[in-house]
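Source file: coords_33.tsv (TSV, C-alpha atoms)
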```tsv
chain	number	residue	atom	x	y	z
A	1	MET	CA	0.00	0.00	0.00
A	2	LYS	CA	1.24	3.46	-0.79
A	3	THR	CA	1.53	5.76	2.19
A	4	VAL	CA	-0.54	8.37	0.32
A	5	ALA	CA	-3.59	6.11	0.58
A	6	ALA	CA	-2.88	5.00	4.15
A	7	PRO	CA	-5.43	5.74	6.88
A	8	ASP	CA	-4.60	7.88	9.91
A	9	SER	CA	-3.89	4.86	12.12
A	10	ALA	CA	-1.33	3.30	9.73
A	11	TRP	CA	2.38	2.95	10.47
A	12	GLU	CA	5.24	2.70	8.00
A	13	ALA	CA	8.45	0.75	8.49
A	14	ARG	CA	11.40	1.62	6.24
A	15	LEU	CA	14.36	-0.75	6.42
A	16	ARG	CA	17.79	-0.16	4.92
A	17	TRP	CA	21.33	-1.52	4.96
A	18	GLY	CA	23.49	1.56	5.38
A	19	SER	CA	22.36	3.86	2.57
A	20	ARG	CA	20.75	1.09	0.48
A	21	ARG	CA	16.98	0.80	0.80
A	22	LEU	CA	15.91	-2.74	1.60
A	23	ASN	CA	12.18	-2.77	2.31
A	24	ALA	CA	9.23	-0.51	3.09
A	25	GLU	CA	5.96	-1.77	4.57
A	26	VAL	CA	2.75	-0.18	5.78
A	27	LEU	CA	1.03	-1.74	8.80
A	28	ASP	CA	-2.65	-1.01	9.34
A	29	GLY	CA	-5.95	-2.69	10.13
A	30	ARG	CA	-6.97	-3.09	6.47
A	31	GLY	CA	-3.94	-5.03	5.26
A	32	ARG	CA	-0.74	-6.23	6.83
A	33	THR	CA	-0.81	-6.01	10.63
A	34	THR	CA	2.49	-7.70	11.55
A	35	LEU	CA	6.08	-7.48	10.31
A	36	ARG	CA	8.69	-9.90	11.65
A	37	LEU	CA	12.44	-9.29	11.42
A	38	GLY	CA	14.77	-12.21	12.01
A	39	ASP	CA	16.39	-15.25	10.41
A	40	GLY	CA	13.67	-17.82	11.09
A	41	PRO	CA	11.43	-19.38	8.43
A	42	GLU	CA	8.38	-17.49	9.77
A	43	ASP	CA	10.14	-14.10	9.60
A	44	ASP	CA	9.30	-11.62	6.82
A	45	VAL	CA	12.69	-9.91	6.52
A	46	ALA	CA	16.02	-11.71	7.00
A	47	ILE	CA	18.39	-9.59	9.05
A	48	GLY	CA	21.50	-11.77	9.34
A	49	SER	CA	21.55	-11.72	13.12
A	50	ALA	CA	20.32	-13.78	16.06
A	51	ALA	CA	18.25	-10.80	17.22
A	52	LYS	CA	14.53	-10.63	16.47
A	53	ALA	CA	11.98	-7.86	16.25
A	54	GLN	CA	8.24	-7.91	15.60
A	55	LEU	CA	6.05	-4.92	14.76
A	56	THR	CA	2.32	-5.38	15.42
A	57	TRP	CA	-0.35	-2.83	14.51
A	58	THR	CA	-3.05	-2.05	17.09
A	59	PRO	CA	-5.87	0.50	16.77
A	60	THR	CA	-4.19	2.72	19.37
A	61	GLY	CA	-0.57	2.47	18.19
A	62	LEU	CA	2.18	0.03	17.29
A	63	GLU	CA	3.60	-2.68	19.53
A	64	VAL	CA	7.30	-3.38	19.03
A	65	ARG	CA	8.64	-6.61	20.52
A	66	PHE	CA	12.38	-7.07	20.31
A	67	SER	CA	15.12	-9.25	21.73
A	68	THR	CA	18.60	-8.43	22.94
A	69	GLY	CA	20.87	-7.27	20.15
A	70	VAL	CA	18.42	-4.59	19.01
A	71	GLU	CA	19.49	-1.00	19.69
A	72	GLY	CA	17.67	2.21	19.03
A	73	GLU	CA	15.95	5.33	20.22
A	74	VAL	CA	12.51	6.88	20.18
A	75	ALA	CA	11.97	10.53	19.25
A	76	PHE	CA	8.97	12.02	21.01
A	77	HIS	CA	6.63	14.88	20.07
A	78	GLY	CA	9.34	17.51	19.67
A	79	ASP	CA	11.47	16.33	22.60
A	80	GLY	CA	14.88	14.80	22.14
A	81	ALA	CA	15.32	11.11	21.43
A	82	LYS	CA	15.63	8.60	24.26
A	83	THR	CA	17.54	5.33	23.93
A	84	PHE	CA	16.08	1.94	24.75
A	85	SER	CA	18.09	1.78	27.99
A	86	GLU	CA	16.62	5.13	29.12
A	87	LEU	CA	13.13	3.86	28.23
A	88	VAL	CA	13.70	0.66	30.23
A	89	ALA	CA	14.82	2.74	33.23
A	90	SER	CA	11.72	4.95	32.98
A	91	GLY	CA	9.36	1.96	32.65
A	92	ARG	CA	8.25	2.75	29.10
A	93	VAL	CA	9.84	-0.47	27.78
A	94	THR	CA	8.73	-3.58	29.66
A	95	GLU	CA	10.71	-6.78	29.90
A	96	SER	CA	9.17	-10.23	29.50
A	97	ALA	CA	10.32	-13.80	28.87
A	98	GLU	CA	10.29	-13.28	25.08
A	99	GLY	CA	12.25	-10.01	25.21
A	100	PHE	CA	11.18	-6.39	25.46
A	101	LEU	CA	7.94	-4.59	24.58
A	102	LEU	CA	7.58	-0.97	23.50
A	103	THR	CA	4.27	0.59	22.48
A	104	LEU	CA	4.49	3.56	20.10
A	105	VAL	CA	1.72	6.16	19.95
A	106	PRO	CA	1.07	8.55	17.04
A	107	GLY	CA	3.71	11.23	16.73
A	108	GLU	CA	6.60	9.09	17.94
A	109	VAL	CA	9.40	7.91	15.65
A	110	LEU	CA	11.42	4.77	16.36
A	111	THR	CA	14.88	4.27	14.88
A	112	MET	CA	16.24	0.79	15.58
A	113	ARG	CA	19.49	-0.85	14.58
A	114	ILE	CA	20.21	-4.55	14.31
A	115	GLY	CA	23.82	-4.83	13.20
A	116	THR	CA	24.01	-2.76	10.01
A	117	LEU	CA	20.24	-2.91	9.39
A	118	ILE	CA	18.50	0.37	10.21
A	119	GLY	CA	14.74	0.55	10.62
A	120	GLU	CA	12.76	3.79	10.77
A	121	ILE	CA	9.23	3.30	12.06
A	122	ARG	CA	6.78	6.17	12.13
A	123	GLN	CA	3.13	6.91	11.59
A	124	ALA	CA	2.35	6.80	7.86
A	125	ARG	CA	1.51	10.07	6.25
A	126	GLY	CA	0.64	11.14	2.75
A	127	ARG	CA	3.15	12.85	0.53
A	128	PHE	CA	1.13	16.08	0.59
A	129	PRO	CA	-0.76	16.99	3.76
A	130	ARG	CA	-4.40	17.74	3.12
A	131	LEU	CA	-5.80	21.13	3.98
A	132	PRO	CA	-8.64	20.89	6.48
A	133	LEU	CA	-11.58	22.73	4.93
A	134	ASP	CA	-14.49	23.91	7.02
A	135	ALA	CA	-17.52	26.10	6.24
A	136	GLN	CA	-15.65	29.37	6.86
A	137	ALA	CA	-12.82	28.36	4.52
A	138	LEU	CA	-15.30	27.34	1.81
A	139	VAL	CA	-17.16	30.68	2.11
A	140	PHE	CA	-13.86	32.57	1.84
A	141	ILE	CA	-12.86	30.52	-1.23
A	142	ALA	CA	-16.27	31.12	-2.86
A	143	LEU	CA	-16.02	34.90	-2.25
A	144	ALA	CA	-12.49	34.94	-3.67
A	145	VAL	CA	-13.67	33.10	-6.82
A	146	ILE	CA	-16.57	35.56	-7.24
A	147	ALA	CA	-14.21	38.55	-6.80
A	148	VAL	CA	-11.79	37.17	-9.38
A	149	GLY	CA	-14.72	36.55	-11.75
A	150	ILE	CA	-15.92	40.16	-11.40
A	151	MET	CA	-12.41	41.47	-12.06
A	152	LEU	CA	-12.04	39.29	-15.15
A	153	ALA	CA	-15.45	40.36	-16.44
A	154	SER	CA	-14.56	44.04	-16.02
A	155	VAL	CA	-11.24	43.62	-17.81
A	156	MET	CA	-12.72	41.60	-20.65
A	157	ALA	CA	-15.70	43.95	-21.18
A	158	PRO	CA	-15.61	46.05	-24.37
A	159	PRO	CA	-13.97	49.47	-23.90
A	160	GLU	CA	-16.99	51.45	-25.18
A	161	LEU	CA	-19.42	53.08	-22.85
A	162	PRO	CA	-22.91	51.70	-22.62
A	163	ARG	CA	-25.54	53.51	-24.66
A	164	LEU	CA	-27.79	55.52	-22.47
A	165	TYR	CA	-31.13	55.56	-24.25
A	166	TRP	CA	-33.05	56.59	-21.17
A	167	ILE	CA	-31.17	59.91	-20.82
A	168	LYS	CA	-32.33	61.22	-24.20
A	169	LYS	CA	-35.28	63.59	-24.06
A	170	ARG	CA	-38.13	63.17	-26.46
```

Produce structure tokens that represent the structure in this file.
Amino acid sequence: MKTVAAPDSAWEARLRWGSRRLNAEVLDGRGRTTLRLGDGPEDDVAIGSAAKAQLTWTPTGLEVRFSTGVEGEVAFHGDGAKTFSELVASGRVTESAEGFLLTLVPGEVLTMRIGTLIGEIRQARGRFPRLPLDAQALVFIALAVIAVGIMLASVMAPPELPRLYWIKKR
């Protein structure tokens, strides 16, 4: 799915080896909901490492499960980025038997590294943001179109004066 057609709750994962683009996926409720990174037969992207990561779409955000060997940071809504170790210390990343769990919410950007593989995970957005139009904006646009139409009509009108038959006396 192209990110232009993605709904508001969609997430995009862009994977690359150094500067070479490897894969790009969109996770949402209408299509693919899970992306697995690892070297197992059930994994979607081979990473050449014993580490594993799984991205799972949820209606409220994106769950990221990862094992040891995965490094990265999360950039928040305008704040600086925090590393995984800082997130573990603050309780944002929880530890379980399978590994670690991080839940991303809209507006957060995750950059993770597994060896030389770099993954950038963020909320999907269209190439061109749409302008929110409401009734006031539509009225303003309509008035602007009418004003331009009047100006064009006055410029394109013939240069002669109108004939004033009603002024003549009989």

> Please, what distance in Å, to one decimal, runs between CA of Lys82 (chain A) and CA of Ala46 (chain A)?
Replying inline: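 Distance reported for this atom pair: 26.7 Å.
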
> Just how far from CA of Gly29 (chain A) is CA of Met112 (chain A), in Å to one decimal?
Replying inline: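 These two atoms are separated by 23.1 Å.
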
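Candidate residues A:Ile47, A:Ala75, A:Leu37, A:Leu27 were compared for distance to Leu110 (chain A), and the nearest is A:Ala75, using all atoms listed in the file.
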
> CA of Glu63 (chain A) and CA of Leu102 (chain A) are how many Å apart?
Replying inline: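 Taking CA of Glu63 (chain A) and CA of Leu102 (chain A), their separation equals 5.9 Å.
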
> Which one is closest to Trp57 (chain A): A:Gly149, A:Gly115, A:Pro158, A:Pro106? Count all atoms listed in the file.
Replying inline: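 Nearest to Trp57 (chain A): A:Pro106.
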
Quick one: residues within 9 Å of Leu35 (chain A), only C-alpha atoms counted, chain neighbours fewer than 3 positions away excluded, as an mmCIF file with C-alpha atoms, in the coordinates of the input?
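Okay, this is what ended up in result-v5.cif:
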```cif
data_model
loop_
_atom_site.group_PDB
_atom_site.id
_atom_site.type_symbol
_atom_site.label_atom_id
_atom_site.label_comp_id
_atom_site.auth_asym_id
_atom_site.auth_seq_id
_atom_site.Cartn_x
_atom_site.Cartn_y
_atom_site.Cartn_z
ATOM 1 C CA ALA A 13 8.450 0.750 8.490
ATOM 2 C CA GLU A 25 5.960 -1.770 4.570
ATOM 3 C CA LEU A 27 1.030 -1.740 8.800
ATOM 4 C CA ARG A 32 -0.740 -6.230 6.830
ATOM 5 C CA ASP A 43 10.140 -14.100 9.600
ATOM 6 C CA ASP A 44 9.300 -11.620 6.820
ATOM 7 C CA VAL A 45 12.690 -9.910 6.520
ATOM 8 C CA ALA A 53 11.980 -7.860 16.250
ATOM 9 C CA GLN A 54 8.240 -7.910 15.600
ATOM 10 C CA LEU A 55 6.050 -4.920 14.760
ATOM 11 C CA THR A 56 2.320 -5.380 15.420
ATOM 12 C CA TRP A 57 -0.350 -2.830 14.510
#
```

Enclose the full set of atoms of region 36-49 of chain A listed in the file within a box whose edges lie along x, y and z, apply 4 Å of padding to each of the six sides, and report centre and edge lengths in Å to one decimal as AutoDock Vina command-line options.
```
--center_x 15.0 --center_y -14.3 --center_z 9.8 --size_x 21.2 --size_y 18.1 --size_z 14.6
```

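Among A:Thr34, A:Thr83, A:Ser90, A:Ser49, the residue with the shortest atom-to-atom distance to Gly69 (chain A), counting all atoms listed in the file, is A:Ser49.
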
> Which residues, written as a PyMOL selection string, have at least one atom at most 9 Å from Arg14 (chain A), with only C-alpha atoms counted and residues fewer than 2 positions away on the same chain left out?
Replying inline: chain A and resi 12+16+21-26+118-122

>> With distances taken over only C-alpha atoms, which residue among A:Ser154, A:Thr94, A:Gln136, A:Ser85 lies nearest Val70 (chain A)?
In response: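 For Val70 (chain A), the nearest of the candidates is A:Ser85.
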